[in-house]
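Structure file model_3.cif; described as mmCIF, C-alpha atoms and all ligand atoms.
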data_target
#
loop_
_atom_site.label_atom_id
_atom_site.label_comp_id
_atom_site.auth_asym_id
_atom_site.auth_seq_id
_atom_site.Cartn_x
_atom_site.Cartn_y
_atom_site.Cartn_z
CA MET A 1 0.00 0.00 0.00
CA ILE A 2 1.40 3.35 -1.03
CA HIS A 3 -0.14 6.79 -0.61
CA PHE A 4 0.62 9.84 -2.76
CA ASP A 5 -0.19 13.39 -1.66
CA ILE A 6 -0.06 15.55 -4.78
CA PHE A 7 0.08 19.34 -4.44
CA THR A 8 -1.01 21.23 -7.54
CA LEU A 9 -2.87 24.28 -8.81
CA PHE A 10 -4.64 22.02 -11.33
CA PRO A 11 -6.10 18.94 -9.60
CA GLN A 12 -8.59 18.43 -12.46
CA MET A 13 -5.70 17.48 -14.77
CA PHE A 14 -5.34 14.16 -12.94
CA GLY A 15 -8.85 12.79 -13.51
CA GLY A 16 -8.20 11.01 -16.82
CA PRO A 17 -5.00 9.05 -16.14
CA PHE A 18 -5.92 8.17 -12.55
CA GLY A 19 -9.41 7.01 -13.50
CA GLU A 20 -8.33 4.40 -16.06
CA SER A 21 -6.69 1.01 -16.37
CA ILE A 22 -3.87 -0.03 -14.03
CA LEU A 23 -3.96 3.10 -11.87
CA HIS A 24 -7.70 2.80 -11.42
CA ARG A 25 -7.49 -0.91 -10.63
CA ALA A 26 -4.63 -0.43 -8.17
CA GLN A 27 -6.74 2.12 -6.28
CA SER A 28 -9.78 -0.21 -6.26
CA LYS A 29 -7.60 -3.05 -4.97
CA GLY A 30 -6.32 -0.85 -2.14
CA LEU A 31 -2.70 -1.00 -3.35
CA LEU A 32 -2.56 2.70 -4.07
CA SER A 33 -4.30 5.81 -2.79
CA ILE A 34 -3.94 9.34 -4.07
CA ALA A 35 -5.02 12.60 -2.43
CA LEU A 36 -4.99 15.70 -4.62
CA HIS A 37 -4.48 18.97 -2.77
CA ASN A 38 -5.19 22.29 -4.45
CA ILE A 39 -2.47 24.70 -3.35
CA ARG A 40 -4.85 27.61 -3.91
CA ASP A 41 -7.14 26.28 -1.15
CA TYR A 42 -4.40 27.23 1.30
CA THR A 43 -4.35 30.96 0.44
CA THR A 44 -5.97 33.43 2.82
CA ASP A 45 -5.88 36.68 0.82
CA ARG A 46 -8.96 37.96 -0.94
CA HIS A 47 -7.81 37.08 -4.47
CA HIS A 48 -6.20 33.72 -3.56
CA VAL A 49 -2.93 34.67 -5.20
CA CYS A 50 -0.38 31.87 -5.66
CA ASP A 51 2.20 33.57 -7.87
CA ASP A 52 4.01 36.89 -8.14
CA THR A 53 6.62 38.71 -10.23
CA PRO A 54 10.28 37.79 -9.73
CA TYR A 55 12.57 40.01 -7.65
CA GLY A 56 15.20 41.52 -9.89
CA GLY A 57 12.93 41.41 -12.92
CA GLY A 58 12.91 38.89 -15.73
CA GLY A 59 9.95 37.30 -17.40
CA GLY A 60 7.25 35.07 -16.02
CA MET A 61 5.69 34.53 -12.65
CA ILE A 62 7.07 32.68 -9.66
CA MET A 63 4.98 30.54 -7.31
CA LYS A 64 4.90 32.10 -3.86
CA PRO A 65 6.26 30.01 -0.98
CA GLU A 66 3.51 30.43 1.65
CA PRO A 67 0.59 28.59 -0.04
CA ILE A 68 2.71 25.55 -1.00
CA VAL A 69 4.48 25.34 2.34
CA ARG A 70 1.23 25.80 4.22
CA ALA A 71 -0.49 23.10 2.17
CA VAL A 72 2.31 20.57 2.61
CA GLU A 73 2.85 21.28 6.32
CA THR A 74 -0.89 21.02 6.95
CA VAL A 75 -1.41 17.76 5.07
CA LEU A 76 1.70 15.81 6.06
CA VAL A 77 1.07 16.05 9.81
CA GLN A 78 -2.28 14.34 9.19
CA PRO A 79 -2.77 10.63 8.54
CA ALA A 80 -2.46 9.45 4.92
CA GLY A 81 -5.75 10.06 3.11
CA TRP A 82 -6.60 13.29 4.93
CA ARG A 83 -8.01 16.11 2.78
CA LEU A 84 -9.07 19.62 3.63
CA ASP A 85 -12.85 19.70 4.05
CA PRO A 86 -14.28 21.71 1.11
CA ALA A 87 -16.20 23.84 3.61
CA ASP A 88 -12.90 24.87 5.24
CA VAL A 89 -11.13 25.99 2.02
CA TYR A 90 -9.67 29.54 2.46
CA VAL A 91 -11.79 30.34 5.51
CA ASN A 92 -11.16 27.72 8.15
CA LEU A 93 -7.65 26.39 7.60
CA PRO A 94 -5.95 24.46 10.41
CA THR A 95 -3.58 26.72 12.35
CA TRP A 96 -0.11 26.96 10.83
CA SER A 97 3.01 28.91 11.64
CA GLY A 98 4.41 31.06 8.88
CA GLU A 99 7.39 31.82 11.11
CA VAL A 100 8.85 28.44 12.03
CA PRO A 101 8.84 25.18 10.06
CA THR A 102 6.39 22.49 11.15
CA PRO A 103 8.26 19.24 11.92
CA LEU A 104 7.27 16.69 9.27
CA PRO A 105 7.62 12.89 9.22
CA ALA A 106 11.17 12.12 8.05
CA ASP A 107 10.11 8.98 6.16
CA THR A 108 7.85 10.84 3.69
CA PRO A 109 9.91 12.21 0.78
CA ILE A 110 8.77 15.66 -0.38
CA ILE A 111 9.59 15.65 -4.06
CA LEU A 112 9.62 18.81 -6.16
CA LEU A 113 9.05 18.10 -9.86
CA THR A 114 11.45 20.26 -11.85
CA PRO A 115 13.57 19.98 -15.00
CA GLN A 116 16.54 20.69 -12.71
CA GLY A 117 15.97 17.56 -10.59
CA ARG A 118 17.78 14.23 -10.65
CA PRO A 119 16.79 12.12 -13.65
CA PHE A 120 13.84 9.75 -13.15
CA THR A 121 14.77 6.17 -14.07
CA GLN A 122 13.42 2.70 -13.38
CA ALA A 123 15.88 2.49 -10.45
CA VAL A 124 14.43 5.70 -8.97
CA ALA A 125 10.90 4.32 -9.43
CA ALA A 126 11.95 1.18 -7.52
CA GLU A 127 13.46 3.31 -4.75
CA LEU A 128 10.28 5.41 -4.42
CA SER A 129 8.08 2.28 -4.35
CA THR A 130 9.64 1.29 -0.99
CA HIS A 131 8.01 4.28 0.78
CA ALA A 132 4.56 4.07 2.35
CA ARG A 133 3.79 7.72 1.64
CA LEU A 134 5.17 10.30 -0.79
CA ALA A 135 4.45 13.98 -1.45
CA LEU A 136 4.75 15.34 -5.00
CA LEU A 137 4.92 19.12 -5.52
CA CYS A 138 3.90 20.35 -8.96
CA GLY A 139 5.47 23.68 -9.90
CA ARG A 140 3.90 25.94 -12.55
CA TYR A 141 4.79 29.15 -14.30
CA GLU A 142 8.49 29.97 -14.55
CA GLY A 143 9.30 28.19 -11.32
CA VAL A 144 8.81 28.15 -7.59
CA ASP A 145 10.36 30.43 -5.02
CA GLU A 146 13.80 29.07 -4.11
CA ARG A 147 12.79 28.76 -0.45
CA VAL A 148 10.44 25.90 -1.37
CA ARG A 149 13.49 23.95 -2.53
CA THR A 150 15.73 24.89 0.36
CA GLY A 151 13.20 24.77 3.19
CA LEU A 152 10.61 22.17 2.24
CA ALA A 153 11.53 19.76 -0.57
CA THR A 154 13.70 16.78 0.36
CA ASP A 155 14.21 15.63 -3.23
CA GLU A 156 13.91 17.04 -6.76
CA ILE A 157 13.13 14.88 -9.77
CA SER A 158 13.06 15.56 -13.52
CA ILE A 159 11.37 13.16 -15.94
CA GLY A 160 13.62 14.20 -18.83
CA ASP A 161 15.67 16.93 -20.42
CA TYR A 162 12.76 18.98 -21.72
CA VAL A 163 10.53 21.58 -20.13
CA LEU A 164 6.87 20.93 -19.40
CA SER A 165 4.36 23.64 -18.54
CA GLY A 166 4.22 22.31 -15.02
CA GLY A 167 5.01 19.36 -12.82
CA GLU A 168 1.56 17.73 -13.17
CA LEU A 169 2.41 15.48 -16.11
CA ALA A 170 5.68 14.54 -14.41
CA ALA A 171 3.77 13.59 -11.24
CA MET A 172 1.46 11.35 -13.27
CA VAL A 173 4.45 9.65 -14.89
CA ILE A 174 5.98 8.96 -11.49
CA VAL A 175 2.74 7.61 -9.98
CA ASP A 176 2.28 5.33 -12.99
CA ALA A 177 5.84 3.96 -13.01
CA VAL A 178 5.82 3.39 -9.23
CA THR A 179 2.38 1.73 -9.27
CA ARG A 180 3.47 -0.87 -11.85
CA LEU A 181 6.07 -2.02 -9.33
CA LEU A 182 3.63 -2.69 -6.49
CA PRO A 183 3.05 -6.41 -5.97
CA GLY A 184 -0.36 -7.28 -7.41
CA ALA A 185 -0.78 -4.12 -9.51
CA LEU A 186 -0.25 -5.91 -12.82
CA GLY A 187 -2.34 -8.87 -13.89
CA ASP A 188 0.43 -11.41 -14.38
CA LYS A 189 2.65 -13.01 -11.75
CA LEU A 190 5.97 -11.64 -12.95
CA GLY A 191 4.50 -8.16 -13.09
CA ALA A 192 6.96 -5.45 -14.05
CA TYR A 193 9.97 -7.67 -13.29
CA GLN A 194 10.52 -8.48 -16.98
CA ASP A 195 9.96 -4.97 -18.35
CA SER A 196 12.62 -3.05 -20.22
CA HIS A 197 15.16 -1.50 -17.82
CA SER A 198 14.10 -3.98 -15.09
CA PRO A 199 16.02 -6.62 -13.10
CA GLY A 200 14.48 -9.64 -14.85
CA LEU A 201 16.06 -8.49 -18.09
CA GLY A 202 19.27 -7.36 -16.43
CA GLY A 203 18.51 -3.76 -17.41
CA LEU A 204 18.25 -4.54 -21.15
CA LEU A 205 15.47 -3.34 -23.42
CA GLU A 206 12.85 -5.99 -24.16
CA GLY A 207 13.14 -7.82 -27.45
CA PRO A 208 10.30 -8.25 -29.98
CA HIS A 209 6.92 -9.74 -29.04
CA TYR A 210 4.41 -11.53 -31.25
CA THR A 211 0.85 -12.79 -30.93
CA LYS A 212 -1.58 -14.40 -33.39
CA PRO A 213 -1.87 -14.62 -36.37
CA PRO A 214 1.31 -16.56 -37.27
CA LEU A 215 1.45 -14.78 -40.65
CA PHE A 216 0.47 -11.13 -41.07
CA ARG A 217 0.86 -9.64 -44.54
CA ASP A 218 4.20 -11.10 -45.57
CA GLN A 219 5.65 -11.20 -42.05
CA ALA A 220 5.81 -14.54 -40.26
CA VAL A 221 6.27 -15.07 -36.53
CA PRO A 222 9.81 -16.49 -36.04
CA ALA A 223 9.73 -20.28 -36.20
CA VAL A 224 11.48 -20.70 -32.83
CA LEU A 225 8.43 -19.21 -31.06
CA LEU A 226 6.09 -21.74 -32.68
CA GLY A 227 8.33 -24.74 -32.02
CA GLY A 228 7.63 -25.19 -28.29
CA HIS A 229 11.30 -25.68 -27.35
CA HIS A 230 11.54 -23.65 -24.14
CA ALA A 231 15.30 -23.34 -23.76
CA GLN A 232 15.58 -22.20 -27.38
CA MET A 233 12.79 -19.67 -26.93
CA THR A 234 14.40 -18.28 -23.77
CA ARG A 235 17.75 -17.91 -25.54
CA TRP A 236 16.05 -16.31 -28.56
CA ARG A 237 14.30 -13.78 -26.30
CA HIS A 238 17.51 -12.97 -24.50
CA GLU A 239 19.40 -12.46 -27.76
CA GLY A 240 16.53 -10.29 -29.01
CA ALA A 241 16.92 -8.11 -25.92
CA LEU A 242 20.70 -7.87 -26.47
CA LEU A 243 20.30 -6.94 -30.13
CA ARG A 244 17.61 -4.39 -29.46
CA THR A 245 19.67 -2.75 -26.75
CA LEU A 246 22.75 -2.74 -29.03
CA ALA A 247 20.76 -1.15 -31.85
CA ARG A 248 18.91 1.46 -29.82
CA ARG A 249 20.68 2.09 -26.53
CA PRO A 250 24.28 0.90 -26.72
CA ASP A 251 25.04 3.32 -23.86
CA LEU A 252 23.13 0.97 -21.51
CA LEU A 253 25.50 -1.93 -22.27
CA HIS A 254 28.39 -0.17 -20.51
CA THR A 255 26.83 -0.37 -17.08
CA LEU A 256 25.18 -3.81 -17.27
CA HIS A 257 26.55 -7.10 -16.04
CA LEU A 258 27.02 -9.17 -19.21
CA SER A 259 28.10 -12.82 -19.32
CA GLU A 260 31.04 -13.84 -21.52
CA LYS A 261 28.54 -15.56 -23.81
CA ASP A 262 26.54 -12.31 -24.14
CA LYS A 263 29.70 -10.31 -24.85
CA THR A 264 30.77 -12.76 -27.55
CA PHE A 265 27.30 -12.62 -29.09
CA LEU A 266 27.32 -8.82 -29.06
CA HIS A 267 30.83 -8.70 -30.58
CA GLN A 268 29.61 -10.96 -33.40
CA HIS A 269 26.88 -8.41 -34.03
CA GLY A 270 29.20 -5.45 -34.22
CA TRP A 271 29.48 -4.29 -30.60
CA ARG A 272 32.62 -2.25 -30.01
CA PRO A 273 32.41 -1.25 -26.32
CA GLU A 274 35.37 1.10 -26.57
CA ALA A 275 33.59 3.21 -29.23
CA ASN A 276 31.80 6.32 -28.04
CA ASP A 277 28.04 5.94 -28.21
N1 LIG A 301 8.35 20.50 -14.73
C1 LIG A 301 8.62 21.07 -15.92
N2 LIG A 301 9.40 20.28 -16.68
C2 LIG A 301 9.64 19.16 -15.94
C3 LIG A 301 10.39 17.97 -16.16
N3 LIG A 301 11.07 17.75 -17.29
N4 LIG A 301 10.41 17.05 -15.18
C4 LIG A 301 9.77 17.26 -14.02
N5 LIG A 301 9.05 18.36 -13.75
C5 LIG A 301 8.98 19.30 -14.70
#
Any chance you could give the structure as structure tokens?
Ligand code: ADE
Amino acid sequence: MIHFDIFTLFPQMFGGPFGESILHRAQSKGLLSIALHNIRDYTTDRHHVCDDTPYGGGGGMIMKPEPIVRAVETVLVQPAGWRLDPADVYVNLPTWSGEVPTPLPADTPIILLTPQGRPFTQAVAAELSTHARLALLCGRYEGVDERVRTGLATDEISIGDYVLSGGELAAMVIVDAVTRLLPGALGDKLGAYQDSHSPGLGGLLEGPHYTKPPLFRDQAVPAVLLGGHHAQMTRWRHEGALLRTLARRPDLLHTLHLSEKDKTFLHQHGWRPEAND
């Protein structure tokens, strides 16, 4: 069981992905729960302002620290699953100190989604899946006030070297990748263990997959898969994973543990580990 508290100015963005397929099923099965918290609910000024112009000029708007910090410090001292009562939004917020930090549970990572964060990988997803509760902070506009990073966030994650309009899509990516790793979230027994980048494949990309029909247009399913010889099929799959990784992500081969047999096979197919890729 894992619980995500997601802090955002746009909670409605999450309805689609969280209401479908694996994420929906994982919530129904009680493996996953998600509480969306609207940062704006934690403003107390008349216009519910969450952003302001940057000191020193420059373009864009910066998210103010108080609403985010107030939201996170209010929610994380409550049990997982707690939400602000809609009747209390703006007008009846739990007391909070703007002066001194509220002590928060040390075992709940507070993750700021930002293109400046550490890269999100399958290994990071596995690491996050060991926590019972996680907080995801979705920035918007040009960024968040630096004091959110220095005084509140305990981690910063980027889902890739590109800039999104906000952290919401990144938060959805993280919830999805972590959920696949929860025992019982996927239909089959091996679950995510044999996915690309995962331990069952030694970190390789998955090779090709086929289903019926055996002949589609002029392309036949490889004979080895129809033959029923299990050792041969396993070897064929493994070699398919090696070849696919060599063709598409040779950089991954540098860090993986490869057997002598795998290295010989890769050499025969043109692998030159000393070359820059
Ligand atoms: N917010 C904007 N761009 C992002 C990215 N690449 N990863 C995580 N959060 C982001």
Within 7 Å of ligand LIG 301 (chain A) (only C-alpha atoms and all ligand atoms), residues as number ranges by chain: A: 113-115, 139, 157-167, 170
Skipping near chain neighbours, those fewer than 3 positions away, what residues fall within 12 Å of His24 in chain A using all atoms listed in the file, listed as a PDB file with C-alpha atoms, in the coordinates of the input?
ATOM      1  CA  PHE A  14      -5.340  14.160 -12.940  1.00  0.00           C
ATOM      2  CA  GLY A  15      -8.850  12.790 -13.510  1.00  0.00           C
ATOM      3  CA  GLY A  16      -8.200  11.010 -16.820  1.00  0.00           C
ATOM      4  CA  PRO A  17      -5.000   9.050 -16.140  1.00  0.00           C
ATOM      5  CA  PHE A  18      -5.920   8.170 -12.550  1.00  0.00           C
ATOM      6  CA  GLY A  19      -9.410   7.010 -13.500  1.00  0.00           C
ATOM      7  CA  GLU A  20      -8.330   4.400 -16.060  1.00  0.00           C
ATOM      8  CA  SER A  21      -6.690   1.010 -16.370  1.00  0.00           C
ATOM      9  CA  GLN A  27      -6.740   2.120  -6.280  1.00  0.00           C
ATOM     10  CA  SER A  28      -9.780  -0.210  -6.260  1.00  0.00           C
ATOM     11  CA  LYS A  29      -7.600  -3.050  -4.970  1.00  0.00           C
ATOM     12  CA  GLY A  30      -6.320  -0.850  -2.140  1.00  0.00           C
ATOM     13  CA  LEU A  31      -2.700  -1.000  -3.350  1.00  0.00           C
ATOM     14  CA  LEU A  32      -2.560   2.700  -4.070  1.00  0.00           C
ATOM     15  CA  SER A  33      -4.300   5.810  -2.790  1.00  0.00           C
ATOM     16  CA  ILE A  34      -3.940   9.340  -4.070  1.00  0.00           C
ATOM     17  CA  VAL A 175       2.740   7.610  -9.980  1.00  0.00           C
ATOM     18  CA  ASP A 176       2.280   5.330 -12.990  1.00  0.00           C
ATOM     19  CA  THR A 179       2.380   1.730  -9.270  1.00  0.00           C
ATOM     20  CA  ARG A 180       3.470  -0.870 -11.850  1.00  0.00           C
ATOM     21  CA  ALA A 185      -0.780  -4.120  -9.510  1.00  0.00           C
ATOM     22  CA  LEU A 186      -0.250  -5.910 -12.820  1.00  0.00           C
TER      23      LEU A 186
END
Mind pulling up the distance from CA of Arg244 in chain A to CA of Pro208 in chain A?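 Spanning CA of Pro208 in chain A to CA of Arg244 in chain A is a straight-line distance of 8.3 Å.
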Pairwise distance, CA of Leu169 in chain A with CA of Ile6 in chain A, equals 11.6 Å
Please return as a ChimeraX atom specification every residue within 12 Å of (6.2, 32.3, 9.3), taking into account only C-alpha atoms and the file's own coordinates. /A:65-67,69-70,73,95-102,151
To one decimal in Å, tell me the separation between CA of Leu243 in chain A and CA of His229 in chain A. 21.0 Å
All residues 12 Å or closer to His3 in chain A, only C-alpha atoms, same chain fewer than 6 positions away omitted, as a PyMOL selection string: chain A and resi 26-27+30-36+76+79-82+108-109+128-136+175+178-179+182
Leaving out Gly240 in chain A and any residue of its chain fewer than 6 positions from it, which residues lie within 10 Å of it when counting only C-alpha atoms, given as a ChimeraX atom specification? /A:204-209,234,246
Is there a way to get, as a VMD selection string, all residues within 8 Å of the point (10.4, 16.8, -0.8) in file coordinates, counting only C-alpha atoms? chain A and resid 108 to 112 135 to 137 149 152 to 156
Can you spit out the residues from that selection as a JSON list (two decimals), keeping the file's coordinate frame, using C-alpha atoms?
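Generated output (again-v8.json):
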[["chain", "number", "residue", "atom", "x", "y", "z"],
["A", 108, "THR", "CA", 7.85, 10.84, 3.69],
["A", 109, "PRO", "CA", 9.91, 12.21, 0.78],
["A", 110, "ILE", "CA", 8.77, 15.66, -0.38],
["A", 111, "ILE", "CA", 9.59, 15.65, -4.06],
["A", 112, "LEU", "CA", 9.62, 18.81, -6.16],
["A", 135, "ALA", "CA", 4.45, 13.98, -1.45],
["A", 136, "LEU", "CA", 4.75, 15.34, -5.00],
["A", 137, "LEU", "CA", 4.92, 19.12, -5.52],
["A", 149, "ARG", "CA", 13.49, 23.95, -2.53],
["A", 152, "LEU", "CA", 10.61, 22.17, 2.24],
["A", 153, "ALA", "CA", 11.53, 19.76, -0.57],
["A", 154, "THR", "CA", 13.70, 16.78, 0.36],
["A", 155, "ASP", "CA", 14.21, 15.63, -3.23],
["A", 156, "GLU", "CA", 13.91, 17.04, -6.76]]
Tell me which protein, DNA and RNA residues are within 12 Å of range 269-272 of chain A, counting only C-alpha atoms, leaving out same-chain ones fewer than 2 positions away, and put them as JSON, numbers by chain. {"A": [239, 240, 242, 243, 244, 245, 246, 247, 249, 250, 251, 253, 254, 262, 263, 264, 265, 266, 267, 274, 275, 276, 277]}
Between A:His238, A:Arg147, A:Arg83, A:Arg46, which one has atoms that come closest to Lys64 in chain A, using only C-alpha atoms? A:Arg147
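Among the candidate residues A:Asp45, A:Gln116, A:Leu226, A:Ala171, the one lying nearest to Lys212 in chain A is A:Leu226, with distances computed using all atoms listed in the file.
In this comparison, which uses all atoms listed in the file, the residue of A:Asp52, A:Gly203, A:Val224, A:Pro105 approaching Thr255 in chain A most closely is A:Gly203.
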I need the residue nearest Leu256 in chain A from this list: A:His197, A:His47, A:Arg118, A:Arg235. Use all atoms listed in the file for the distance. A:His197
